[in-house]
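Inspection log for the structure reproduced underneath, given as C-alpha cells.
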Amino acid sequence: MSEVQAMRATPPEGTTPSAAVQVMGVSKRYGDRQAVDDVSLEIRRGEFFGLLGPNGAGKSTLVEIMEGLRRADSGSVALFGESPWPRNTTLLPRLGVQTQSSAFFVRQTAHEHLRTVAALFGASRTAVDATLDSVGLTEHRDIQVESLSGGQRQRLAIASALVHGPELIFLDEPTAALDPQARRALWEVLRGLKAEGRTIVYTTHHLDEAEALCDRIAIIVDGSIAVTDSPHNLVDASEAPSRLMLPLGRLDEQQAAAIPGVDRVTVQGGSLVLETRTSGRVLSAVDRLTGLDGVQTRSASLEDVYLDLTARLARARQTPGGHAETTEQQA
Ligand SMILES: Nc1ncnc2c1ncn2[C@@H]1O[C@H](COP(=O)(O)OP(=O)(O)OP(=O)(O)O)[C@@H](O)[C@H]1O
Ligand SMILES: [Mg+2]
C-alpha cells in the first residue's frame with residue numbers, strides 16, 4: 001500500500017465513514033457577502049437529499065464545496081470519510097457531478113462528448129449508449145453539442161454525471177430547462193438510481209419534485225440551514241392550511257365563512273376556496289349543507305411550507321433584532 005493510500009485508509013478525525021457526505025461547520029464569503037454561513041449536515045448512504053432555497057441562498061456554493069470544486073474558507077467536508085479538497089483522485093470515479101453551468105467538449109456530437117467523458121472514467125461503450133438513451137438523447141446522438149437545444153444540453157450534462165455509474169451523484173437544478181415529459185422521465189431515472197443504493201444530492205426550485213423524490217430536504221436561506229427534515233414531516237408539522245374548492249353558486253361566502261373551522265374564504269379560478277386546518281370537520285359540514293359533488297380538496301404541500309417559512313424568515317430579517325419562529329428539525 002502506498003503512503004497516500006495508507007493515509008487515506010484512516011478517515012479524517014470526527015468523520016463517520018458510513019455517511020456519504022459530512023459537512024462540518026463550512027463557511028464561504030465573497031467580499032462582504034456571506035454565501036455559506038457555518039453549515040453542518042450529514043447525508044446517509046443511499047439517501048436522496050434535496051437542497052432548497054431562494055436564488056442566491058448559497059446552494060450551488062455549498063454543493064460545489066462538497067464536490068471539491070470550491071474551497072471553503074473554514075470548516076471541512078468528508079465524502080465517504082475522505083476530504084474532496086485538495087483534488088482527490090481516488091474519490092473522483094465515485095462521484096457524479098452536474099453543475100449549474102455545465103461545460104462541454106466543443107465540436108463534438110452528443111455521443112462523442114459522452115464517450116470522451118466515459119473514457120476518462122473507464123466506463124464502457126454500452127454504458128454510453130444506455131445513459132444517452134436514459135436521458136432521451138438517442139435520436140440526437142449525432143448532433144453537435146453547440147447545436148443542441150438548452151434542454152437537450154442539460155440532458156447531456158446529466159448523462160455526463162451518470163455515465164460511469166457513480167455512487168454519489170450531485171445534481172444542481174438538473175430539471176431547470178427540461179420540458180414536463182423530460183422532467184418526469186428524469187424522475188424515473190433517479191428513482192432507479194436510488195433503488196440501486198446510490199446517494200443523490202439534489203437542488204431544485206420545483207417543490208413538487210423535492211416532495212416526490214427526496215427522503216430529506218434542507219431549506220437554505222442566506223447561507224444557513226433553516227430546517228432539515230423529510231418532506232412528509234415538514235408538511236405534517238406545518239400550520240399551512242388545506243383548501244376545499246367548491247363550484248361557485250353552491251354556498252355564498254357568508255355561509256362558508258360561518259362553518260366552524262373555516263379560517264378564510266376566497267373566490268379563485270371559478271371556485272369558492274375554503275382554507276381550514278380541520279378539513280375533516282369542514283368537509284362533513286359542507287356535505288350536510290350542499291353535498292360533496294364537484295368538491296375538490298388540496299392538502300398543504302411542501303410548497304406551502306416553503307413559502308410560509310421563507311416569508312417568515314424575510315419578515316424576521318426586516319425587523320431589527322427579530323427572529324423567525326421556525327422549528328429547527330435538524331436530523
Ligand atoms: N464566484 C463568485 N464570486 C462572487 N460571488 C459569488 C460567487 N459565487 C456565488 N456568489 C454569491 O454567493 C451567493 C450564493 O450564490 P449561489 O450561487 O451559491 O446561490 P444559489 O442558492 O445556488 O442560487 P440559485 O438558486 O440562483 O442557483 C450569491 O449572493 C452570489 O452572488
Ligand atoms: Mg445555484
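Naming works like this for the C-alpha cells: A, B, ... for the chains as they're shown, residue 1 at the start of each chain, ligands 1 onward in shown order.
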(Q) Could you list, as JSON, numbers by chain, every residue within 9 Å of Phe49 in chain A, counting only C-alpha atoms and ignoring same-chain residues fewer than 6 positions away? (A) {"A": [43, 199, 200, 201, 202, 203, 210, 213, 214, 215, 216, 217, 218]}
Q. If you count only C-alpha atoms and all ligand atoms, which residues end up within 10 Å of ligand 2, as a PyMOL selection string?
A. chain A and resi 51-64+99-101+172-173+203-205
Q: Find the residue from A:Gly280, A:Gly197, A:Gly75, A:Pro241 that sits nearest to Glu167 in chain A; use only C-alpha atoms when measuring.
A: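 Using only C-alpha atoms, Glu167 in chain A sits closest to A:Gly197.
You can rank A:Ala316, A:Met245, A:Ile259, A:Leu251 by their closest distance to Ser284 in chain A using only C-alpha atoms, and at the top of that list sits A:Ile259.
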Q: May I have the residues within 8 Å of Gln22 in chain A as an MDAnalysis selection string, using only C-alpha atoms and disregarding those fewer than 4 positions away in the same chain?
A: chainID A and resid 15:16 40:43 77:79 81
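The residue set within 6 Å of Ala161 in chain A, counting only C-alpha atoms and dropping same-chain residues fewer than 3 places from it, reads Gly96, Val97, Gln98 and Ile158 of chain A.
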Q) Which neighbours of range 130-142 of chain A fall inside 10 Å, counting only C-alpha atoms, when residues of the same chain fewer than 6 positions from it are skipped, and could you give them as a PyMOL selection string? A) chain A and resi 108-114+124+148+152-165+182-183+185-186+188-189
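Taking CA of Pro93 in chain A as the reference point, CA of Pro174 in chain A is found at 20.1 Å.
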Q: Go through range 194-283 of chain A and collect every residue that DSSP, computed from the backbone, puts in helix (DSSP H, G or I); the answer should be as number ranges by chain.
A: A: 194-195, 207-213, 231-237, 253-257, 279-283
Q) Please, what distance in Å, to one decimal, runs between CA of Gly46 in chain A and CA of Glu196 in chain A? A)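 For CA of Gly46 in chain A relative to CA of Glu196 in chain A, the distance reads 8.2 Å.
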Q. Hey, which of A:Gly249, A:Gly223, A:Gly270, A:Gly150 ends up closest to ligand 1? Count only C-alpha atoms and all ligand atoms.
A.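 Counting only C-alpha atoms and all ligand atoms, the residue closest to ligand 1 is A:Gly223.
Here the question is which of A:Ala195, A:Ile143, A:Met24, A:Ala35 gets nearest to Phe48 in chain A using only C-alpha atoms, and that residue is A:Ala195.
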Q. Counting only C-alpha atoms and all ligand atoms, which of A:Arg243, A:Arg87, A:Arg70, A:Arg312 gets nearest to ligand 1?
A. A:Arg70
Q: Pick out the closest residue to Gly68 in chain A from this set: A:Phe170, A:Tyr30, A:Phe104, A:Tyr306. Count only C-alpha atoms.
A: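 The answer is A:Phe170, which sits nearest to Gly68 in chain A.
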Q: May I have all residues of range 65-295 of chain A that DSSP, computed from the backbone, assigns to strand (DSSP E), given as number ranges by chain?
A: A: 74-79, 95-98, 168-172, 199-203, 216-221, 224-229, 242-247, 262-268, 271-276
What's around Asp37 in chain A at 9 Å? Count only C-alpha atoms, leave out sequence neighbours fewer than 3 positions away in its own chain, and write the answer as a PDB file with N, CA, C and O atoms, in the first residue's frame.
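File written: part-v4.pdb
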```pdb
ATOM      1  N   GLY A  25     -19.302  22.554   9.751  1.00  0.00           N
ATOM      2  CA  GLY A  25     -19.028  23.975  10.010  1.00  0.00           C
ATOM      3  C   GLY A  25     -18.457  24.719   8.819  1.00  0.00           C
ATOM      4  O   GLY A  25     -17.525  25.518   8.962  1.00  0.00           O
ATOM      5  N   VAL A  26     -19.028  24.486   7.629  1.00  0.00           N
ATOM      6  CA  VAL A  26     -18.474  25.102   6.418  1.00  0.00           C
ATOM      7  C   VAL A  26     -18.979  26.538   6.221  1.00  0.00           C
ATOM      8  O   VAL A  26     -20.172  26.800   6.321  1.00  0.00           O
ATOM      9  N   SER A  27     -18.043  27.446   5.970  1.00  0.00           N
ATOM     10  CA  SER A  27     -18.377  28.837   5.656  1.00  0.00           C
ATOM     11  C   SER A  27     -17.637  29.273   4.405  1.00  0.00           C
ATOM     12  O   SER A  27     -16.538  28.776   4.122  1.00  0.00           O
ATOM     13  N   LYS A  28     -18.255  30.190   3.669  1.00  0.00           N
ATOM     14  CA  LYS A  28     -17.610  30.751   2.472  1.00  0.00           C
ATOM     15  C   LYS A  28     -18.117  32.166   2.261  1.00  0.00           C
ATOM     16  O   LYS A  28     -19.318  32.420   2.271  1.00  0.00           O
ATOM     17  N   ARG A  29     -17.188  33.104   2.090  1.00  0.00           N
ATOM     18  CA  ARG A  29     -17.560  34.510   1.914  1.00  0.00           C
ATOM     19  C   ARG A  29     -17.018  35.008   0.577  1.00  0.00           C
ATOM     20  O   ARG A  29     -15.924  34.627   0.168  1.00  0.00           O
ATOM     21  N   GLN A  34     -21.755  36.810   2.739  1.00  0.00           N
ATOM     22  CA  GLN A  34     -21.530  35.514   3.376  1.00  0.00           C
ATOM     23  C   GLN A  34     -22.387  34.490   2.621  1.00  0.00           C
ATOM     24  O   GLN A  34     -23.579  34.355   2.886  1.00  0.00           O
ATOM     25  N   GLY A  58     -27.141  30.227  -1.510  1.00  0.00           N
ATOM     26  CA  GLY A  58     -25.854  29.578  -1.233  1.00  0.00           C
ATOM     27  C   GLY A  58     -25.832  28.092  -1.572  1.00  0.00           C
ATOM     28  O   GLY A  58     -24.870  27.392  -1.251  1.00  0.00           O
ATOM     29  N   ASP A 222     -30.126  32.574   3.100  1.00  0.00           N
ATOM     30  CA  ASP A 222     -28.980  33.428   3.445  1.00  0.00           C
ATOM     31  C   ASP A 222     -27.780  32.625   3.936  1.00  0.00           C
ATOM     32  O   ASP A 222     -27.147  33.002   4.939  1.00  0.00           O
ATOM     33  N   GLY A 223     -27.484  31.526   3.294  1.00  0.00           N
ATOM     34  CA  GLY A 223     -26.275  30.770   3.622  1.00  0.00           C
ATOM     35  C   GLY A 223     -26.390  29.853   4.815  1.00  0.00           C
ATOM     36  O   GLY A 223     -25.440  29.135   5.143  1.00  0.00           O
ATOM     37  N   SER A 224     -27.563  29.850   5.505  1.00  0.00           N
ATOM     38  CA  SER A 224     -27.727  28.983   6.684  1.00  0.00           C
ATOM     39  C   SER A 224     -28.866  28.007   6.452  1.00  0.00           C
ATOM     40  O   SER A 224     -29.833  28.327   5.747  1.00  0.00           O
ATOM     41  N   ILE A 225     -28.777  26.856   7.102  1.00  0.00           N
ATOM     42  CA  ILE A 225     -29.873  25.898   7.010  1.00  0.00           C
ATOM     43  C   ILE A 225     -30.970  26.309   7.987  1.00  0.00           C
ATOM     44  O   ILE A 225     -30.739  26.417   9.192  1.00  0.00           O
TER      45      ILE A 225
END
```
Q: Do a neighbour search on Asp236 in chain A at 10 Å with only C-alpha atoms, toss out local chain neighbours closer than 5 positions, and write the hits as a VMD selection string.
A: chain A and resid 230 to 231 300 to 302 305
(Q) Quick check, in Å to one decimal: how far apart do CA of Ala285 in chain A and CA of Pro260 in chain A lie? (A) 8.4 Å
